[in-house]
$ cat my_file.txt   # compact mmCIF, C-alpha atoms
# COMPACT_ATOMS: atom_id res chain seq x y z
CA MET A 24 -19.29 23.59 23.85
CA PRO A 25 -18.24 27.25 24.45
CA ALA A 26 -14.57 28.05 25.10
CA LEU A 27 -13.51 27.61 28.72
CA PRO A 28 -12.55 30.75 30.68
CA LEU A 29 -8.80 31.39 30.83
CA ASP A 30 -8.37 30.40 34.50
CA GLU A 31 -10.01 27.02 33.91
CA ALA A 32 -8.44 26.37 30.49
CA GLY A 33 -5.03 27.31 31.91
CA LYS A 34 -5.09 24.29 34.22
CA TYR A 35 -5.65 21.92 31.31
CA VAL A 36 -2.98 23.56 29.14
CA ALA A 37 -0.49 23.53 32.02
CA GLY A 38 -1.39 19.90 32.71
CA ALA A 39 -0.79 18.83 29.10
CA TYR A 40 2.60 20.57 28.89
CA ALA A 41 3.57 19.26 32.35
CA VAL A 42 2.77 15.70 31.25
CA PHE A 43 5.07 16.15 28.27
CA VAL A 44 7.91 17.50 30.42
CA VAL A 45 7.47 14.70 33.00
CA LEU A 46 7.48 12.07 30.24
CA ILE A 47 10.76 13.41 28.85
CA LEU A 48 12.27 13.65 32.36
CA ILE A 49 11.32 10.02 33.11
CA TYR A 50 12.94 8.95 29.85
CA VAL A 51 16.11 10.94 30.59
CA ALA A 52 16.24 9.48 34.15
CA ILE A 53 15.97 5.92 32.78
CA MET A 54 18.68 6.63 30.22
CA ALA A 55 20.88 8.17 32.90
CA ALA A 56 20.53 4.97 34.98
CA LYS A 57 21.48 2.89 31.92
CA LEU A 58 24.52 5.07 31.21
CA GLN A 59 25.59 4.79 34.86
CA ARG A 60 25.43 0.99 34.55
CA ILE A 61 27.52 1.10 31.35
CA GLU A 62 30.05 3.37 33.03
CA ARG A 63 30.27 1.06 36.08
CA GLU A 64 30.72 -2.05 33.94
CA LEU A 65 33.30 -0.30 31.79
CA GLY A 66 35.23 0.56 34.94
CA GLU A 67 35.08 -3.09 36.08
CA LEU A 68 36.34 -4.30 32.69
CA ALA A 69 39.11 -1.73 32.63
CA GLY A 70 40.21 -2.88 36.09
CA LEU A 71 40.13 -6.51 34.97
CA ALA A 72 42.14 -5.76 31.83
CA GLU A 73 44.75 -3.89 33.88
CA LYS A 74 45.06 -6.85 36.29
CA ARG A 75 45.66 -9.22 33.39
CA LEU A 76 48.37 -7.01 31.93
CA LYS A 77 50.27 -6.96 35.24
CA MET B 12 29.39 -2.35 15.30
CA HIS B 13 31.83 0.48 14.67
CA ALA B 14 29.43 3.33 14.05
CA THR B 15 29.77 6.35 16.31
CA TYR B 16 26.22 7.44 16.94
CA GLY B 17 27.21 10.10 19.44
CA LYS B 18 28.75 12.31 16.74
CA GLY B 19 26.77 15.53 16.40
CA LEU B 20 24.58 14.74 19.40
CA ARG B 21 25.63 17.89 21.23
CA THR B 22 24.80 20.16 18.28
CA LEU B 23 21.49 18.37 17.78
CA SER B 24 20.64 18.76 21.48
CA ILE B 25 21.38 22.51 21.39
CA ALA B 26 19.28 22.90 18.23
CA THR B 27 16.44 21.01 19.92
CA VAL B 28 16.53 23.20 23.03
CA ALA B 29 16.62 26.37 20.88
CA ALA B 30 13.77 25.19 18.64
CA THR B 31 11.68 24.14 21.64
CA ALA B 32 12.21 27.52 23.33
CA LEU B 33 11.23 29.29 20.10
CA ALA B 34 8.17 27.09 19.66
CA LEU B 35 6.99 27.70 23.25
CA SER B 36 7.51 31.46 22.83
CA LEU B 37 5.44 31.44 19.66
CA VAL B 38 2.73 29.28 21.24
CA PHE B 39 2.24 31.51 24.28
CA PHE B 40 3.25 34.99 23.05
CA TYR B 41 2.63 35.09 19.30
CA ALA B 42 -0.12 32.72 18.14
CA PRO B 43 -3.57 34.28 18.54
CA LEU B 44 -6.26 32.72 20.70
CA ASP B 45 -8.58 30.45 18.80
CA ALA B 46 -12.01 32.09 18.43
CA ASP B 47 -13.84 28.82 19.00
CA GLN B 48 -11.73 26.92 21.54
CA GLY B 49 -9.94 29.73 23.32
CA PHE B 50 -6.83 29.02 25.38
CA ILE B 51 -7.14 25.20 25.36
CA GLN B 52 -6.26 25.26 21.67
CA LYS B 53 -2.64 25.81 22.83
CA ILE B 54 -2.57 22.06 23.58
CA PHE B 55 -2.90 21.55 19.83
CA TYR B 56 0.70 22.82 19.29
CA LEU B 57 1.96 20.02 21.52
CA HIS B 58 -0.50 17.22 20.82
CA VAL B 59 -0.48 17.28 17.01
CA PRO B 60 3.34 17.44 16.53
CA LEU B 61 3.66 14.62 19.10
CA ALA B 62 1.13 12.52 17.17
CA THR B 63 2.76 13.34 13.83
CA MET B 64 6.22 12.34 15.05
CA ALA B 65 4.90 9.18 16.70
CA LEU B 66 3.29 8.06 13.44
CA VAL B 67 6.28 9.12 11.30
CA GLY B 68 8.56 7.28 13.75
CA PHE B 69 6.54 4.09 13.36
CA MET B 70 6.97 4.37 9.59
CA ILE B 71 10.72 5.04 10.00
CA GLY B 72 10.84 1.83 12.06
CA GLY B 73 9.23 0.07 9.09
CA VAL B 74 11.77 1.52 6.65
CA TYR B 75 14.65 0.28 8.83
CA GLY B 76 12.84 -3.05 9.03
CA ILE B 77 12.92 -3.27 5.22
CA LEU B 78 16.61 -2.32 5.19
CA HIS B 79 17.32 -5.03 7.76
CA LEU B 80 15.43 -7.69 5.83
CA ARG B 81 17.25 -6.73 2.62
CA SER B 82 20.75 -6.51 4.07
CA GLY B 83 20.68 -8.60 7.25
CA ASP B 84 22.62 -5.78 8.94
CA ALA B 85 21.86 -5.88 12.69
CA ARG B 86 22.31 -2.11 12.95
CA HIS B 87 19.15 -1.57 10.90
CA ASP B 88 17.24 -3.85 13.26
CA MET B 89 18.55 -1.80 16.18
CA ARG B 90 17.48 1.44 14.45
CA SER B 91 14.06 -0.03 13.73
CA TYR B 92 13.70 -1.02 17.38
CA VAL B 93 14.79 2.41 18.66
CA ALA B 94 12.50 4.26 16.20
CA ILE B 95 9.52 2.21 17.39
CA HIS B 96 10.56 2.59 21.02
CA MET B 97 10.76 6.39 20.73
CA SER B 98 7.42 6.51 18.96
CA VAL B 99 5.72 4.39 21.63
CA ILE B 100 6.97 6.91 24.23
CA PHE B 101 5.66 9.77 22.08
CA GLY B 102 2.43 7.78 21.69
CA VAL B 103 1.93 7.76 25.46
CA GLY B 104 2.27 11.57 25.34
CA VAL B 105 -0.26 11.77 22.50
CA LEU B 106 -2.85 9.73 24.38
CA ILE B 107 -2.46 11.68 27.64
CA THR B 108 -2.37 15.17 26.09
CA GLY B 109 -5.26 14.20 23.82
CA ALA B 110 -7.30 13.03 26.80
CA ILE B 111 -6.60 16.31 28.62
CA TRP B 112 -7.66 18.30 25.56
CA ALA B 113 -10.80 16.14 25.16
CA LYS B 114 -11.79 16.70 28.78
CA ALA B 115 -11.35 20.47 28.43
CA SER B 116 -13.07 20.67 25.06
CA TRP B 117 -15.71 17.94 25.08
CA GLY B 118 -16.13 17.33 28.79
CA HIS B 119 -15.00 13.69 28.47
CA TRP B 120 -11.54 12.15 28.80
CA TRP B 121 -12.23 9.75 25.95
CA VAL B 122 -14.86 9.44 23.21
CA TRP B 123 -15.16 5.93 21.84
CA ASP B 124 -17.11 6.81 18.68
CA GLU B 125 -14.44 9.26 17.43
CA PRO B 126 -12.43 7.44 14.70
CA THR B 127 -9.24 9.52 15.07
CA LEU B 128 -8.89 8.71 18.76
CA VAL B 129 -9.78 5.05 18.48
CA SER B 130 -7.59 4.48 15.42
CA PHE B 131 -4.58 6.04 17.17
CA LEU B 132 -5.25 3.85 20.20
CA ILE B 133 -5.35 0.78 17.92
CA VAL B 134 -2.02 1.77 16.33
CA PHE B 135 -0.52 2.39 19.77
CA LEU B 136 -1.74 -0.95 21.15
CA LEU B 137 -0.48 -2.70 18.03
CA TYR B 138 3.02 -1.32 18.67
CA ALA B 139 2.73 -2.08 22.39
CA THR B 140 2.68 -5.76 21.37
CA TYR B 141 6.04 -5.27 19.62
CA TYR B 142 8.01 -5.74 22.86
CA PRO B 143 6.50 -9.06 24.03
CA PHE B 144 6.50 -10.26 20.43
CA ARG B 145 10.17 -9.43 20.04
CA TYR B 146 11.40 -10.80 23.35
CA ALA B 147 9.32 -13.97 23.14
CA ILE B 148 11.87 -15.14 20.56
CA GLU B 149 15.20 -16.20 22.02
CA ASP B 150 17.25 -16.78 18.89
CA ARG B 151 18.82 -13.41 18.03
CA ASP B 152 18.61 -13.71 14.24
CA ARG B 153 15.05 -14.95 14.24
CA GLN B 154 14.12 -12.25 16.75
CA ALA B 155 15.54 -9.51 14.53
CA ARG B 156 13.95 -10.96 11.38
CA TYR B 157 10.48 -11.38 12.91
CA ALA B 158 10.68 -7.94 14.55
CA SER B 159 11.54 -6.42 11.16
CA VAL B 160 8.57 -8.16 9.53
CA PHE B 161 6.38 -6.77 12.32
CA ALA B 162 7.86 -3.26 11.83
CA VAL B 163 7.24 -3.37 8.07
CA THR B 164 3.68 -4.71 8.33
CA ALA B 165 2.65 -2.38 11.14
CA GLY B 166 4.49 0.53 9.48
CA ALA B 167 2.44 0.01 6.31
CA PHE B 168 -0.72 -0.04 8.41
CA VAL B 169 -0.02 3.45 9.82
CA PRO B 170 -0.57 5.55 6.63
CA LEU B 171 -3.46 3.32 5.55
CA ASN B 172 -5.08 3.84 8.91
CA PHE B 173 -4.45 7.59 8.71
CA LEU B 174 -6.06 7.80 5.26
CA ALA B 175 -9.03 5.68 6.31
CA VAL B 176 -9.69 7.99 9.23
CA ARG B 177 -9.32 11.08 7.06
CA LEU B 178 -11.84 9.70 4.61
CA ALA B 179 -14.27 8.84 7.37
CA GLU B 180 -16.77 11.49 8.31
CA SER B 181 -15.89 12.97 11.68
CA LEU B 182 -18.11 15.30 13.59
CA VAL B 183 -16.11 16.27 16.60
CA HIS B 184 -12.32 15.87 16.21
CA PRO B 185 -10.76 19.09 14.86
CA ARG B 186 -8.79 18.93 11.59
CA THR B 187 -5.35 20.46 11.59
CA PHE B 188 -5.10 21.18 7.91
CA ALA B 189 -7.51 22.51 5.31
CA THR B 190 -10.86 22.60 7.01
CA ALA B 191 -14.00 23.56 5.13
CA GLU B 192 -13.73 26.98 6.77
CA GLY B 193 -10.31 27.56 5.24
CA GLY B 194 -7.84 26.17 7.77
CA LEU B 195 -5.45 27.94 10.10
CA PRO B 196 -4.50 31.63 9.96
CA GLY B 197 -0.87 32.46 9.13
CA GLU B 198 0.35 33.05 12.71
CA MET B 199 -1.07 29.71 13.83
CA TRP B 200 0.45 27.93 10.81
CA LEU B 201 3.89 29.38 11.55
CA THR B 202 3.62 28.42 15.23
CA PHE B 203 2.46 24.94 14.30
CA LEU B 204 5.30 24.42 11.82
CA VAL B 205 7.93 25.59 14.32
CA SER B 206 6.39 23.30 16.97
CA LEU B 207 6.49 20.42 14.51
CA ALA B 208 10.14 21.16 13.65
CA ALA B 209 11.01 21.29 17.37
CA MET B 210 9.26 17.96 17.95
CA ALA B 211 11.04 16.40 14.96
CA LEU B 212 14.36 17.61 16.38
CA LEU B 213 13.47 16.21 19.81
CA TRP B 214 12.56 12.84 18.30
CA THR B 215 15.81 12.77 16.31
CA THR B 216 17.88 13.76 19.34
CA LEU B 217 16.33 11.12 21.56
CA PHE B 218 16.68 8.55 18.77
CA LYS B 219 20.37 9.38 18.42
CA PHE B 220 20.84 9.43 22.20
CA GLU B 221 19.26 5.98 22.55
CA MET B 222 21.30 4.63 19.60
CA THR B 223 24.48 5.97 21.22
CA ALA B 224 23.63 4.23 24.50
CA LYS B 225 22.75 0.98 22.70
CA ASN B 226 25.98 1.17 20.72
CA ALA B 227 28.04 1.76 23.88
CA SER B 228 26.27 -1.20 25.45
CA ALA B 229 27.07 -3.40 22.46
CA GLN B 230 30.72 -2.31 22.44
CA LEU B 231 30.92 -3.16 26.12
CA SER B 232 29.59 -6.63 25.40
CA ARG B 233 32.21 -7.07 22.68
CA LEU B 234 34.92 -6.04 25.11
CA ARG B 235 33.57 -8.45 27.71
CA ARG B 236 33.53 -11.31 25.20
CA ALA B 237 37.07 -10.47 24.08
CA LEU B 238 38.29 -10.49 27.68
CA ASP B 239 36.41 -13.75 28.28
CA ARG B 240 38.17 -15.34 25.33
CA GLY B 241 41.50 -14.04 26.62
CA ALA B 242 40.81 -15.51 30.05
CA GLY B 243 40.14 -18.95 28.55
CA SER B 244 37.57 -21.45 29.67
CA SER B 245 39.46 -22.57 32.79
CA SER B 246 39.67 -19.25 34.57
CA ALA B 247 36.80 -17.40 36.16
CA ARG B 248 34.60 -15.80 33.57
CA ILE B 249 33.46 -12.24 33.72
CA ALA B 250 30.00 -11.69 35.17
CA PRO B 251 27.21 -11.49 32.60
CA GLY B 252 27.24 -8.08 31.09
CA VAL B 253 25.19 -5.77 29.02
CA ALA B 254 23.21 -7.49 26.34
CA THR B 255 23.90 -6.51 22.75
CA ARG B 256 20.24 -6.81 21.90
CA PRO B 257 17.93 -3.90 22.58
CA ASP B 258 16.86 -3.95 26.24
$ encode --input "my_file.txt" --output "structure tokens"
Amino acid sequence: MPALPLDEAGKYVAGAYAVFVVLILIYVAIMAAKLQRIERELGELAGLAEKRLK
Amino acid sequence: MHATYGKGLRTLSIATVAATALALSLVFFYAPLDADQGFIQKIFYLHVPLATMALVGFMIGGVYGILHLRSGDARHDMRSYVAIHMSVIFGVGVLITGAIWAKASWGHWWVWDEPTLVSFLIVFLLYATYYPFRYAIEDRDRQARYASVFAVTAGAFVPLNFLAVRLAESLVHPRTFATAEGGLPGEMWLTFLVSLAAMALLWTTLFKFEMTAKNASAQLSRLRRALDRGAGSSSARIAPGVATRPD
């Protein structure tokens, strides 16, 4: 198969790199949600520990 | 678990961003256009490093599996899990970018009689069974032990599979290294190696990031258990918290 012209090949190349970026962004978003949960639970535990000390 | 996995994460992240920026600059402004494939060959600088790191990550998961079976240290099981988890994510990227390249180059999203594609899919599907296999076992120790055996067995399958495919005659899938025509020119080699280094740094950063989160989660569980013990069995217990096992 001959090489695709630049305008057509560009769409595929952009698509491949965009998929990679989206994949990483999805991963980072999931991790951010997990870290938020950890932070929230840590806050709850800190509050509980403070109550017990009083 | 007292390890501090977050140490050096910032430096690693900066190095990853710098290496990725350099790799992208080389890909689009330095590496020459491939005489045969033209511009779509630029996908190669993303697809092949992704595939390499996915397969290396699976083997790293196997190595940690061996360390876990030898020592019984739960941290090695956690590392094995995270290595496989990262590589499955990279594997999704490999399959999608490969399909895009195949469509542009061959006119088909997938070619079933191409051993490299099918063998990678088999490896990917094998590791996709890791999660249900792992979480089907409730007992924590057994879960970790069986998961390590899986990681070692599947990890050994990866290089064998790679060699088998290399030995097989392939007509259509391009070879990255040492083709009969002499392989890549210098500029493409340099670009490829920088792209591979950037991908290795990204894998390592995400691995460390995930380990840091898992470790924080485990520490939180310890704290919750300690507070539960302090509260005694009569008082209200703290709501179920973050699991120490990989989730």
$ closest_atom_pairs --input "my_file.txt" --of "chain B" --to "chain A" --cutoff "7 Å" --atoms "all atoms listed in the file" --output "CSV"
residue,atom,partner,partner_atom,distance
B:Asp47,CA,A:Ala26,CA,6.2
B:Gln48,CA,A:Ala26,CA,4.7
B:Gly49,CA,A:Ala26,CA,5.2
B:Phe50,CA,A:Ala32,CA,6.0
B:Ile51,CA,A:Ala32,CA,5.4
B:Lys53,CA,A:Val36,CA,6.7
B:Ile54,CA,A:Val36,CA,5.8
B:Gly104,CA,A:Phe43,CA,6.1
B:Thr108,CA,A:Ala39,CA,5.0
B:Ile111,CA,A:Tyr35,CA,6.3
B:Ala115,CA,A:Tyr35,CA,6.5
B:Ser116,CA,A:Met24,CA,7.0
B:Trp117,CA,A:Met24,CA,6.8
B:Ala224,CA,A:Leu58,CA,6.8
B:Ser228,CA,A:Ile61,CA,6.5
B:Leu231,CA,A:Leu65,CA,6.8
$ closest_residue --input "my_file.txt" --among "B:Lys225, B:Gly241, B:Thr31, B:Leu234" --to "Leu76 of chain A" --atoms "all atoms listed in the file"
B:Gly241
$ atom_distance --input "my_file.txt" --atom1 "atom CA of Leu136 of chain B" --atom2 "atom CA of Asp124 of chain B"
17.4 Å
$ residues_around --input "my_file.txt" --residues "Phe168 of chain B" --least-positions-apart "5" --cutoff "12 Å" --atoms "all atoms listed in the file" --output "VMD selection string"
chain B and resid 66 to 67 69 to 70 73 130 to 131 133 to 135 137 to 138 161 to 163 173 to 175
$ residues_around --input "my_file.txt" --residues "Asp152 of chain B" --least-positions-apart "5" --cutoff "12 Å" --atoms "all atoms listed in the file" --output "JSON, numbers by chain"
{"B": [79, 80, 83, 84, 85, 88, 145, 146, 157, 158, 159, 256]}
$ residues_near_point --input "my_file.txt" --point "(18.6, -1.2, 15.8)" --cutoff "12 Å" --atoms "only C-alpha atoms" --output "PyMOL selection string"
chain B and resi 12+14+16+71-76+78-79+83-97+154-156+158-159+162+218-219+221-226+229+255-258
$ closest_residue --input "my_file.txt" --among "B:Ile100, B:Met199, B:Leu33, B:Val122" --to "Ile49 of chain A" --atoms "all atoms listed in the file"
B:Ile100
$ atom_distance --input "my_file.txt" --atom1 "atom CA of Met64 of chain B" --atom2 "atom CA of Pro170 of chain B"
12.8 Å
$ atom_distance --input "my_file.txt" --atom1 "atom CA of Trp120 of chain B" --atom2 "atom CA of Ala34 of chain B"
26.4 Å
$ decode --input "my_file.txt" --residues "segment 63-154 of chain B" --atoms "C-alpha atoms" --output "PDB file, in the first residue's frame"
ATOM      1  CA  THR B  63       7.865  -2.573  24.970  1.00  0.00           C
ATOM      2  CA  MET B  64       7.043  -1.073  28.362  1.00  0.00           C
ATOM      3  CA  ALA B  65       3.811  -3.071  28.635  1.00  0.00           C
ATOM      4  CA  LEU B  66       5.697  -6.333  28.056  1.00  0.00           C
ATOM      5  CA  VAL B  67       8.633  -5.336  30.296  1.00  0.00           C
ATOM      6  CA  GLY B  68       6.110  -4.322  32.982  1.00  0.00           C
ATOM      7  CA  PHE B  69       4.459  -7.735  32.831  1.00  0.00           C
ATOM      8  CA  MET B  70       7.875  -9.326  33.373  1.00  0.00           C
ATOM      9  CA  ILE B  71       8.611  -6.922  36.259  1.00  0.00           C
ATOM     10  CA  GLY B  72       5.309  -8.085  37.775  1.00  0.00           C
ATOM     11  CA  GLY B  73       6.624 -11.645  37.485  1.00  0.00           C
ATOM     12  CA  VAL B  74       9.923 -10.735  39.172  1.00  0.00           C
ATOM     13  CA  TYR B  75       8.050  -9.158  42.101  1.00  0.00           C
ATOM     14  CA  GLY B  76       5.867 -12.268  42.157  1.00  0.00           C
ATOM     15  CA  ILE B  77       9.003 -14.394  42.639  1.00  0.00           C
ATOM     16  CA  LEU B  78      10.236 -12.050  45.379  1.00  0.00           C
ATOM     17  CA  HIS B  79       6.866 -12.308  47.111  1.00  0.00           C
ATOM     18  CA  LEU B  80       6.806 -16.102  46.939  1.00  0.00           C
ATOM     19  CA  ARG B  81      10.363 -16.268  48.305  1.00  0.00           C
ATOM     20  CA  SER B  82       9.950 -13.752  51.110  1.00  0.00           C
ATOM     21  CA  GLY B  83       6.210 -13.611  51.827  1.00  0.00           C
ATOM     22  CA  ASP B  84       6.572  -9.813  51.979  1.00  0.00           C
ATOM     23  CA  ALA B  85       3.193  -8.258  51.074  1.00  0.00           C
ATOM     24  CA  ARG B  86       4.922  -5.211  49.586  1.00  0.00           C
ATOM     25  CA  HIS B  87       6.291  -7.343  46.750  1.00  0.00           C
ATOM     26  CA  ASP B  88       2.787  -8.601  46.025  1.00  0.00           C
ATOM     27  CA  MET B  89       1.589  -4.994  45.918  1.00  0.00           C
ATOM     28  CA  ARG B  90       4.437  -4.069  43.535  1.00  0.00           C
ATOM     29  CA  SER B  91       3.627  -7.062  41.352  1.00  0.00           C
ATOM     30  CA  TYR B  92      -0.020  -6.013  41.234  1.00  0.00           C
ATOM     31  CA  VAL B  93       0.809  -2.390  40.385  1.00  0.00           C
ATOM     32  CA  ALA B  94       3.339  -3.394  37.683  1.00  0.00           C
ATOM     33  CA  ILE B  95       0.722  -5.596  36.017  1.00  0.00           C
ATOM     34  CA  HIS B  96      -1.953  -2.943  36.440  1.00  0.00           C
ATOM     35  CA  MET B  97       0.213  -0.276  34.763  1.00  0.00           C
ATOM     36  CA  SER B  98       1.093  -2.647  31.955  1.00  0.00           C
ATOM     37  CA  VAL B  99      -2.550  -3.534  31.313  1.00  0.00           C
ATOM     38  CA  ILE B 100      -3.259   0.209  30.948  1.00  0.00           C
ATOM     39  CA  PHE B 101      -0.297   0.532  28.575  1.00  0.00           C
ATOM     40  CA  GLY B 102      -1.594  -2.575  26.785  1.00  0.00           C
ATOM     41  CA  VAL B 103      -4.892  -0.827  26.061  1.00  0.00           C
ATOM     42  CA  GLY B 104      -2.850   1.997  24.489  1.00  0.00           C
ATOM     43  CA  VAL B 105      -0.854  -0.509  22.424  1.00  0.00           C
ATOM     44  CA  LEU B 106      -3.978  -2.164  21.034  1.00  0.00           C
ATOM     45  CA  ILE B 107      -5.687   1.133  20.151  1.00  0.00           C
ATOM     46  CA  THR B 108      -2.638   2.862  18.634  1.00  0.00           C
ATOM     47  CA  GLY B 109      -1.782  -0.350  16.788  1.00  0.00           C
ATOM     48  CA  ALA B 110      -5.285  -0.548  15.354  1.00  0.00           C
ATOM     49  CA  ILE B 111      -5.071   3.085  14.199  1.00  0.00           C
ATOM     50  CA  TRP B 112      -1.714   2.408  12.547  1.00  0.00           C
ATOM     51  CA  ALA B 113      -3.070  -0.785  10.927  1.00  0.00           C
ATOM     52  CA  LYS B 114      -6.057   1.080   9.502  1.00  0.00           C
ATOM     53  CA  ALA B 115      -3.811   3.793   8.055  1.00  0.00           C
ATOM     54  CA  SER B 116      -1.209   1.374   6.734  1.00  0.00           C
ATOM     55  CA  TRP B 117      -3.106  -1.768   5.792  1.00  0.00           C
ATOM     56  CA  GLY B 118      -6.633  -0.443   5.422  1.00  0.00           C
ATOM     57  CA  HIS B 119      -7.926  -2.709   8.227  1.00  0.00           C
ATOM     58  CA  TRP B 120      -8.272  -2.058  11.953  1.00  0.00           C
ATOM     59  CA  TRP B 121      -7.188  -5.597  12.769  1.00  0.00           C
ATOM     60  CA  VAL B 122      -5.544  -8.459  10.859  1.00  0.00           C
ATOM     61  CA  TRP B 123      -6.182 -11.836  12.436  1.00  0.00           C
ATOM     62  CA  ASP B 124      -3.470 -13.764  10.566  1.00  0.00           C
ATOM     63  CA  GLU B 125      -0.668 -11.448  11.780  1.00  0.00           C
ATOM     64  CA  PRO B 126       1.151 -13.274  14.634  1.00  0.00           C
ATOM     65  CA  THR B 127       2.509 -10.130  16.343  1.00  0.00           C
ATOM     66  CA  LEU B 128      -0.942  -8.608  16.754  1.00  0.00           C
ATOM     67  CA  VAL B 129      -2.689 -11.793  17.805  1.00  0.00           C
ATOM     68  CA  SER B 130       0.065 -12.809  20.229  1.00  0.00           C
ATOM     69  CA  PHE B 131      -0.041  -9.395  21.929  1.00  0.00           C
ATOM     70  CA  LEU B 132      -3.820  -9.679  22.181  1.00  0.00           C
ATOM     71  CA  ILE B 133      -3.432 -13.129  23.785  1.00  0.00           C
ATOM     72  CA  VAL B 134      -0.923 -11.740  26.320  1.00  0.00           C
ATOM     73  CA  PHE B 135      -3.231  -8.796  27.033  1.00  0.00           C
ATOM     74  CA  LEU B 136      -6.294 -11.018  27.512  1.00  0.00           C
ATOM     75  CA  LEU B 137      -4.258 -13.342  29.715  1.00  0.00           C
ATOM     76  CA  TYR B 138      -3.414 -10.426  32.015  1.00  0.00           C
ATOM     77  CA  ALA B 139      -6.990  -9.137  31.838  1.00  0.00           C
ATOM     78  CA  THR B 140      -7.956 -12.335  33.692  1.00  0.00           C
ATOM     79  CA  TYR B 141      -5.559 -11.377  36.507  1.00  0.00           C
ATOM     80  CA  TYR B 142      -8.130  -9.107  38.178  1.00  0.00           C
ATOM     81  CA  PRO B 143     -11.072 -11.562  38.409  1.00  0.00           C
ATOM     82  CA  PHE B 144      -8.614 -14.321  39.288  1.00  0.00           C
ATOM     83  CA  ARG B 145      -7.137 -12.253  42.099  1.00  0.00           C
ATOM     84  CA  TYR B 146     -10.366 -10.930  43.571  1.00  0.00           C
ATOM     85  CA  ALA B 147     -12.174 -14.263  43.344  1.00  0.00           C
ATOM     86  CA  ILE B 148     -10.052 -15.300  46.342  1.00  0.00           C
ATOM     87  CA  GLU B 149     -11.143 -13.773  49.627  1.00  0.00           C
ATOM     88  CA  ASP B 150      -8.364 -14.909  51.939  1.00  0.00           C
ATOM     89  CA  ARG B 151      -5.654 -12.223  51.713  1.00  0.00           C
ATOM     90  CA  ASP B 152      -2.633 -14.531  51.986  1.00  0.00           C
ATOM     91  CA  ARG B 153      -3.964 -17.043  49.505  1.00  0.00           C
ATOM     92  CA  GLN B 154      -4.948 -14.204  47.169  1.00  0.00           C
TER      93      GLN B 154
END
